[in-house]
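Undergrad: Sharing data-v3.cif (mmCIF, C-alpha atoms) below.
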data_final
#
loop_
_atom_site.label_atom_id
_atom_site.label_comp_id
_atom_site.auth_asym_id
_atom_site.auth_seq_id
_atom_site.Cartn_x
_atom_site.Cartn_y
_atom_site.Cartn_z
CA MET A 1 86.83 247.87 -0.64
CA VAL A 2 88.73 247.78 2.66
CA THR A 3 88.94 251.59 2.67
CA LEU A 4 85.19 251.90 2.05
CA MET A 5 84.42 249.42 4.84
CA THR A 6 86.70 251.35 7.18
CA ILE A 7 85.10 254.76 6.66
CA THR A 8 81.61 253.25 7.07
CA TYR A 9 82.60 251.33 10.21
CA TYR A 10 80.28 253.26 12.53
CA LEU A 11 77.29 252.67 10.25
CA GLN A 12 78.04 248.95 10.02
CA ARG A 13 78.13 248.64 13.81
CA LYS A 14 74.88 250.56 13.99
CA VAL A 15 73.26 248.15 11.53
CA GLN A 16 74.57 245.11 13.41
CA TRP A 17 72.95 246.43 16.59
CA ALA A 18 69.91 248.03 14.97
CA THR A 19 66.55 248.43 16.68
CA THR A 20 63.57 246.26 15.79
CA THR A 21 60.47 247.57 14.04
CA ASP A 22 58.78 248.46 17.35
CA GLY A 23 61.79 250.50 18.47
CA THR A 24 63.20 248.03 21.00
CA PRO A 25 66.88 247.06 20.72
CA ASN A 26 67.88 243.66 19.40
CA GLN A 27 69.17 241.10 21.90
CA GLY A 28 72.03 240.19 19.59
CA PRO A 29 73.77 241.19 16.39
CA VAL A 30 72.03 241.16 13.05
CA ALA A 31 73.72 238.55 10.87
CA ILE A 32 75.38 240.26 7.90
CA SER A 33 77.60 238.91 5.20
CA LEU A 34 80.96 240.66 5.14
CA PRO A 35 82.76 240.81 1.78
CA SER A 36 86.24 239.85 2.97
CA TYR A 37 87.89 238.29 5.99
CA HIS A 38 90.49 241.06 5.70
CA VAL A 39 87.73 243.50 6.67
CA GLN A 40 86.94 241.44 9.77
CA TYR A 41 90.59 241.57 10.83
CA LYS A 42 90.73 245.34 10.25
CA HIS A 43 87.64 245.84 12.42
CA PHE A 44 89.23 243.71 15.14
CA ALA A 45 92.37 245.86 15.01
CA THR A 46 90.22 248.98 15.31
CA LEU A 47 88.60 247.63 18.47
CA THR A 48 91.64 246.04 20.16
CA GLY A 49 94.74 247.54 18.58
CA VAL A 50 95.90 244.00 17.69
CA ASN A 51 96.66 242.71 14.19
CA ILE A 52 95.16 239.29 14.79
CA THR A 53 96.73 237.22 12.00
CA SER A 54 100.28 238.54 12.32
CA THR A 55 100.11 238.31 16.14
CA LEU A 56 98.92 234.70 16.02
CA LEU A 57 101.56 233.81 13.44
CA THR A 58 104.25 235.29 15.69
CA ALA A 59 102.86 233.53 18.77
CA PHE A 60 102.80 230.11 17.09
CA ARG A 61 106.25 230.70 15.60
CA GLU A 62 107.81 231.67 18.94
CA LYS A 63 105.83 229.45 21.32
CA GLY A 64 104.41 226.70 19.14
CA GLN A 65 107.10 224.03 19.39
CA ALA A 66 107.46 224.53 23.15
CA ILE A 67 103.69 224.17 23.69
CA LEU A 68 103.63 221.04 21.52
CA GLN A 69 106.52 219.56 23.48
CA PHE A 70 104.70 220.32 26.73
CA LEU A 71 101.51 218.65 25.48
CA VAL A 72 103.51 215.60 24.36
CA LYS A 73 105.27 215.23 27.73
CA GLU A 74 102.29 216.16 29.92
CA LYS A 75 99.60 213.68 30.90
CA TRP A 76 95.93 214.54 30.63
CA ASP A 77 92.58 212.80 30.21
CA ASP A 78 92.54 212.73 26.41
CA LYS A 79 88.86 212.10 25.68
CA ASN A 80 89.11 213.79 22.28
CA ASP A 81 91.93 211.51 21.05
CA ALA A 82 93.96 214.64 20.35
CA ARG A 83 97.33 213.30 21.53
CA GLN A 84 97.95 211.42 18.30
CA ILE A 85 97.55 214.69 16.34
CA VAL A 86 99.86 216.57 18.71
CA GLU A 87 102.50 213.84 18.58
CA ALA A 88 102.29 213.53 14.79
CA VAL A 89 102.87 217.24 14.20
CA TYR A 90 105.54 217.47 16.92
CA GLY A 91 107.34 214.49 15.37
CA GLU A 92 107.58 216.15 11.97
CA GLY A 93 110.91 217.67 11.08
CA ASP A 94 109.66 221.06 9.97
CA PRO A 95 105.86 221.46 10.26
CA ASN A 96 104.35 224.68 8.93
CA LEU A 97 102.73 227.11 11.35
CA HIS A 98 99.20 226.15 10.31
CA GLN A 99 99.91 222.54 11.25
CA VAL A 100 101.41 223.64 14.58
CA ALA A 101 98.40 225.84 15.32
CA TRP A 102 95.90 223.09 14.50
CA ALA A 103 97.71 220.56 16.70
CA ILE A 104 97.96 223.01 19.61
CA LEU A 105 94.30 224.07 19.50
CA THR A 106 93.17 220.46 19.13
CA GLY A 107 95.36 219.44 22.06
CA LEU A 108 94.25 222.37 24.21
CA GLN A 109 90.58 221.55 23.71
CA SER A 110 91.24 218.05 24.99
CA PHE A 111 93.47 219.33 27.81
CA PHE A 112 90.77 221.78 28.93
CA LYS A 113 88.09 219.08 28.56
CA VAL A 114 86.38 220.99 25.77
CA LYS A 115 84.41 218.99 23.23
CA ASP A 116 86.25 218.73 19.94
CA ASP A 117 83.34 220.33 18.05
CA ALA A 118 83.02 223.35 20.37
CA LEU A 119 85.06 225.59 18.06
CA PHE A 120 85.78 223.56 14.92
CA LEU A 121 83.70 221.33 12.69
CA LEU A 122 85.24 219.00 10.10
CA TRP A 123 83.31 218.60 6.86
CA ASP A 124 83.82 217.08 3.46
CA VAL A 125 85.60 219.36 1.02
CA THR A 126 82.66 219.21 -1.42
CA ALA A 127 80.06 220.56 1.05
CA THR A 128 78.32 223.82 0.11
CA ALA A 129 77.37 226.91 2.12
CA GLU A 130 73.71 225.89 1.89
CA GLU A 131 74.51 222.53 3.47
CA PHE A 132 76.36 224.26 6.32
CA GLU A 133 73.43 226.55 7.02
CA ARG A 134 70.90 223.70 7.01
CA ALA A 135 73.07 221.64 9.35
CA SER A 136 73.76 224.55 11.73
CA LYS A 137 70.04 225.37 11.97
CA ALA A 138 69.31 221.74 12.79
CA THR A 139 71.89 221.80 15.62
CA GLU A 140 71.18 225.43 16.66
CA CYS A 141 74.78 226.49 16.04
CA GLU A 142 74.61 230.17 17.03
CA ALA A 143 78.14 230.82 18.37
CA PRO A 144 80.95 231.49 15.86
CA LYS A 145 82.41 228.26 14.55
CA LEU A 146 85.09 227.42 12.03
CA VAL A 147 84.10 224.72 9.56
CA ILE A 148 87.15 223.06 8.01
CA GLN A 149 86.64 221.24 4.72
CA GLY A 150 89.21 218.57 4.04
CA ASP A 151 92.31 217.70 6.03
CA PRO A 152 93.23 220.61 8.35
CA ILE A 153 96.85 219.45 8.38
CA ALA A 154 97.09 219.60 4.57
CA SER A 155 96.30 223.30 4.34
CA ALA A 156 97.00 223.32 0.60
CA THR A 157 93.94 221.13 -0.03
CA SER A 158 91.60 222.34 2.73
CA ARG A 159 89.16 225.24 2.90
CA TRP A 160 87.26 226.88 5.71
CA THR A 161 83.91 228.53 6.34
CA VAL A 162 82.71 230.56 9.33
CA LEU A 163 79.21 230.16 10.77
CA VAL A 164 77.52 232.63 13.13
CA GLU A 165 73.88 232.41 14.22
CA ASN A 166 73.15 229.58 11.77
CA GLY A 167 74.45 231.51 8.77
CA VAL A 168 77.66 231.66 6.71
CA ILE A 169 79.45 234.99 7.21
CA GLY A 170 82.78 234.20 5.57
CA GLN A 171 84.82 231.66 3.61
CA SER A 172 88.42 231.22 2.54
CA THR A 173 89.11 232.44 -0.95
CA SER A 174 92.36 230.58 -1.60
CA ALA A 175 94.51 227.73 -0.34
CA GLU A 176 96.93 230.33 1.02
CA ALA A 177 94.33 231.33 3.65
CA GLY A 178 95.30 228.48 5.98
CA PHE A 179 94.13 227.43 9.44
CA ILE A 180 95.51 230.46 11.33
CA CYS A 181 93.69 232.78 8.96
CA GLY A 182 90.53 230.73 9.50
CA LEU A 183 90.97 230.73 13.29
CA SER A 184 91.30 234.52 13.25
CA PHE A 185 87.90 235.01 11.61
CA PRO A 186 85.53 233.48 14.22
CA PHE A 187 87.67 234.83 17.08
CA ALA A 188 87.47 238.35 15.62
CA SER A 189 83.72 237.89 15.24
CA TYR A 190 83.27 237.80 19.02
CA TYR A 191 84.61 241.35 19.18
CA ASN A 192 83.21 242.70 15.92
CA LEU A 193 79.70 241.45 16.72
CA ASN A 194 80.01 242.15 20.46
CA LEU A 195 79.38 238.55 21.55
CA GLN A 196 80.35 236.80 24.76
CA TYR A 197 82.44 233.67 24.49
CA GLN A 198 80.30 230.57 24.32
CA SER A 199 80.50 228.76 27.65
CA THR A 200 81.45 225.42 26.06
CA ALA A 201 84.66 226.86 24.58
CA SER A 202 85.39 229.88 26.78
CA THR A 203 88.59 228.38 28.27
CA THR A 204 90.22 227.83 24.87
CA LEU A 205 89.05 231.23 23.62
CA GLU A 206 90.43 232.99 26.69
CA PHE A 207 93.76 231.20 26.25
CA ILE A 208 93.92 232.56 22.70
CA GLN A 209 92.94 236.03 23.92
CA ARG A 210 95.31 236.32 26.86
CA TYR A 211 98.30 234.12 26.06
CA LEU A 212 98.53 234.15 22.28
CA LEU A 213 97.12 237.60 21.46
CA GLY A 214 98.12 239.35 24.70
CA ILE A 215 94.77 241.13 25.07
CA SER A 216 94.53 242.44 28.60
CA LEU A 217 92.11 241.78 31.42
CA ASP A 218 89.79 244.59 30.32
CA GLY A 219 89.33 242.85 26.99
CA SER A 220 87.72 239.71 28.44
CA LYS A 221 84.67 238.37 26.62
CA CYS A 222 83.79 235.73 29.23
CA GLY A 223 80.52 236.11 31.05
CA GLY A 224 81.19 236.35 34.77
CA CYS A 225 85.00 236.40 34.47
CA LYS A 226 85.75 239.99 33.50
CA ARG A 227 87.79 240.65 36.63
CA GLN A 228 89.91 237.55 36.79
CA CYS A 229 91.51 235.11 34.44
CA ASN A 230 90.01 231.68 33.94
CA PRO A 231 91.65 229.40 36.56
CA LYS A 232 92.18 226.65 33.99
CA VAL A 233 94.12 229.07 31.79
CA VAL A 234 96.17 230.22 34.78
CA ALA A 235 96.92 226.62 35.77
CA PHE A 236 98.00 225.71 32.22
CA VAL A 237 100.28 228.74 31.86
CA CYS A 238 101.86 228.06 35.28
CA ARG A 239 102.50 224.40 34.46
CA PHE A 240 103.87 225.36 31.08
CA ALA A 241 106.18 227.95 32.66
CA ASP A 242 107.44 225.34 35.15
CA PHE A 243 108.02 222.92 32.28
CA GLN A 244 110.08 225.49 30.37
CA TRP A 245 112.10 226.32 33.50
CA LEU A 246 112.98 222.69 34.10
#
Would you kindly transcribe this structure into structure tokens?
TA:
Amino acid sequence: MVTLMTITYYLQRKVQWATTTDGTPNQGPVAISLPSYHVQYKHFATLTGVNITSTLLTAFREKGQAILQFLVKEKWDDKNDARQIVEAVYGEGDPNLHQVAWAILTGLQSFFKVKDDALFLLWDVTATAEEFERASKATECEAPKLVIQGDPIASATSRWTVLVENGVIGQSTSAEAGFICGLSFPFASYYNLNLQYQSTASTTLEFIQRYLLGISLDGSKCGGCKRQCNPKVVAFVCRFADFQWL
């Protein structure tokens, strides 16, 4: 299946950006259901040269504990009540990488003053795809979002679903597909569907792009910030570097 999707890549992109019946181009991608999140990651690698899941795993393995320690020691206006999650994971003896990633992204959203539902939605584990679609249409959820069913810390009992333009485009198929795998899917969707980062979460998304994935300046997906890095991301990285130096 992955091989077939790869050799038909050009046609898939053409369908996603097809013209309307009167011959005018669409203003956005046509929502399609992809058969596997592995295909999404392969498309992302084709566009960027980055293996998104392995790169994120390496980033959280090498930088995760230091970022958590920084967030624990640093003071910020914690309107999302994220500090308790960061401290709980940091205080564990040997947290897995999915736990570390969840705590870091939750903490970063609060640090950057991003609403806690800008990228992730928490739902009951029994919710269905139809319920997600009805709810997203009611709230006009068009940007890629990761819906986590169950406790995101207990990856063995949680599942995830990805919504784009009020529709489900992917779901986890096993408990082994933990939070980092889920995070990779909506992030890759911005590139695969040629979308700009949503303004409400652009700071967090650019941090993932530049600091965790190492995608260069030319790869920016922020409207109006293609020539310079987001100042909030720069400030965070500088403060984090100073913290590590001390």
Undergrad: I need the output of the PyMOL selection byres ((chain A and resi 100-117) around 6) for this file as a ChimeraX atom specification; which residues are they?
TA: /A:78,80,82,85-86,97-99,118-121
Undergrad: Separation of CA of Asp81 (chain A) and CA of Ile67 (chain A), in Å?
TA: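 According to the coordinates, CA of Asp81 (chain A) and CA of Ile67 (chain A) are separated by 17.5 Å.
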Undergrad: For the atom pair CA of Glu130 (chain A) and CA of Gly170 (chain A), what is the interatomic distance in Å to one decimal place?
TA: 12.8 Å
Undergrad: Give the answer as one residue: which of A:Leu47, A:Gly64, A:Glu133, A:Ala143 has the shortest atom-to-atom distance to Asp94 (chain A), using only C-alpha atoms?
TA: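 Closest residue, counting only C-alpha atoms: A:Gly64.
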Undergrad: Taking into account all atoms listed in the file, which residue in the set A:Leu122, A:Val50, A:Pro152, A:Ala45 is nearest to Val89 (chain A)?
TA: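 The closest residue to Val89 (chain A) is A:Pro152.
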Undergrad: Counting only C-alpha atoms, which residue out of A:Gln40, A:Lys63, A:Asp151, A:Phe179 sits closest to Leu193 (chain A)?
TA: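 When distances to Leu193 (chain A) are compared using only C-alpha atoms, the smallest one comes from A:Gln40.
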Undergrad: Between CA of Val233 (chain A) and CA of Ala66 (chain A), what is the spacing in Å?
TA: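 Value for the CA of Ala66 (chain A)-CA of Val233 (chain A) distance: 16.5 Å.
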Undergrad: If you count all atoms listed in the file, which residues fall within 9 Å of Glu206 (chain A), apart from same-chain ones fewer than 2 positions away, as a PyMOL selection string?
TA: chain A and resi 197+201-204+208-211+220-222+229-230+233
Undergrad: Every residue with an atom at most 7 Å from (96.2, 238.2, 9.8) (file coordinates; all atoms listed in the file) is what I'm after, so could you write them as number ranges by chain?
TA: A: 41, 51-54, 181
Undergrad: Could you write out as a list in words the residues that the PyMOL selection byres ((chain A and resi 73) around 12) matches in the shown file?
TA: Ala66, Ile67, Leu68, Gln69, Phe70, Leu71, Val72, Glu74, Lys75, Trp76, Arg83, Val86, Glu87, Tyr90, Arg239, Phe240, Phe243 and Gln244 of chain A
Undergrad: For the provided coordinates, the residues matched by the PyMOL selection byres ((chain A and resi 186-192) around 7) should be stated as a PyMOL selection string.
TA: chain A and resi 40-41+43-44+144-146+162+183-185+193-197
Undergrad: Which residues, written as a PDB file with C-alpha atoms, keeping the file's coordinate frame, have at least one atom at most 7 Å from Arg159 (chain A), with all atoms listed in the file counted and residues fewer than 6 positions away on the same chain left out?
TA:
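Heads up, here's the output in result_25.pdb:
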ATOM      1  CA  ILE A 148      87.150 223.060   8.010  1.00  0.00           C
ATOM      2  CA  GLN A 149      86.640 221.240   4.720  1.00  0.00           C
ATOM      3  CA  GLY A 150      89.210 218.570   4.040  1.00  0.00           C
ATOM      4  CA  SER A 172      88.420 231.220   2.540  1.00  0.00           C
ATOM      5  CA  ALA A 175      94.510 227.730  -0.340  1.00  0.00           C
TER       6      ALA A 175
END
Undergrad: With all atoms listed in the file as the atoms that count, which of A:Leu163, A:Lys42, A:Phe207, A:Gly214 lies nearest to Val237 (chain A)?
TA: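 Smallest separation from Val237 (chain A) among the options: A:Phe207.
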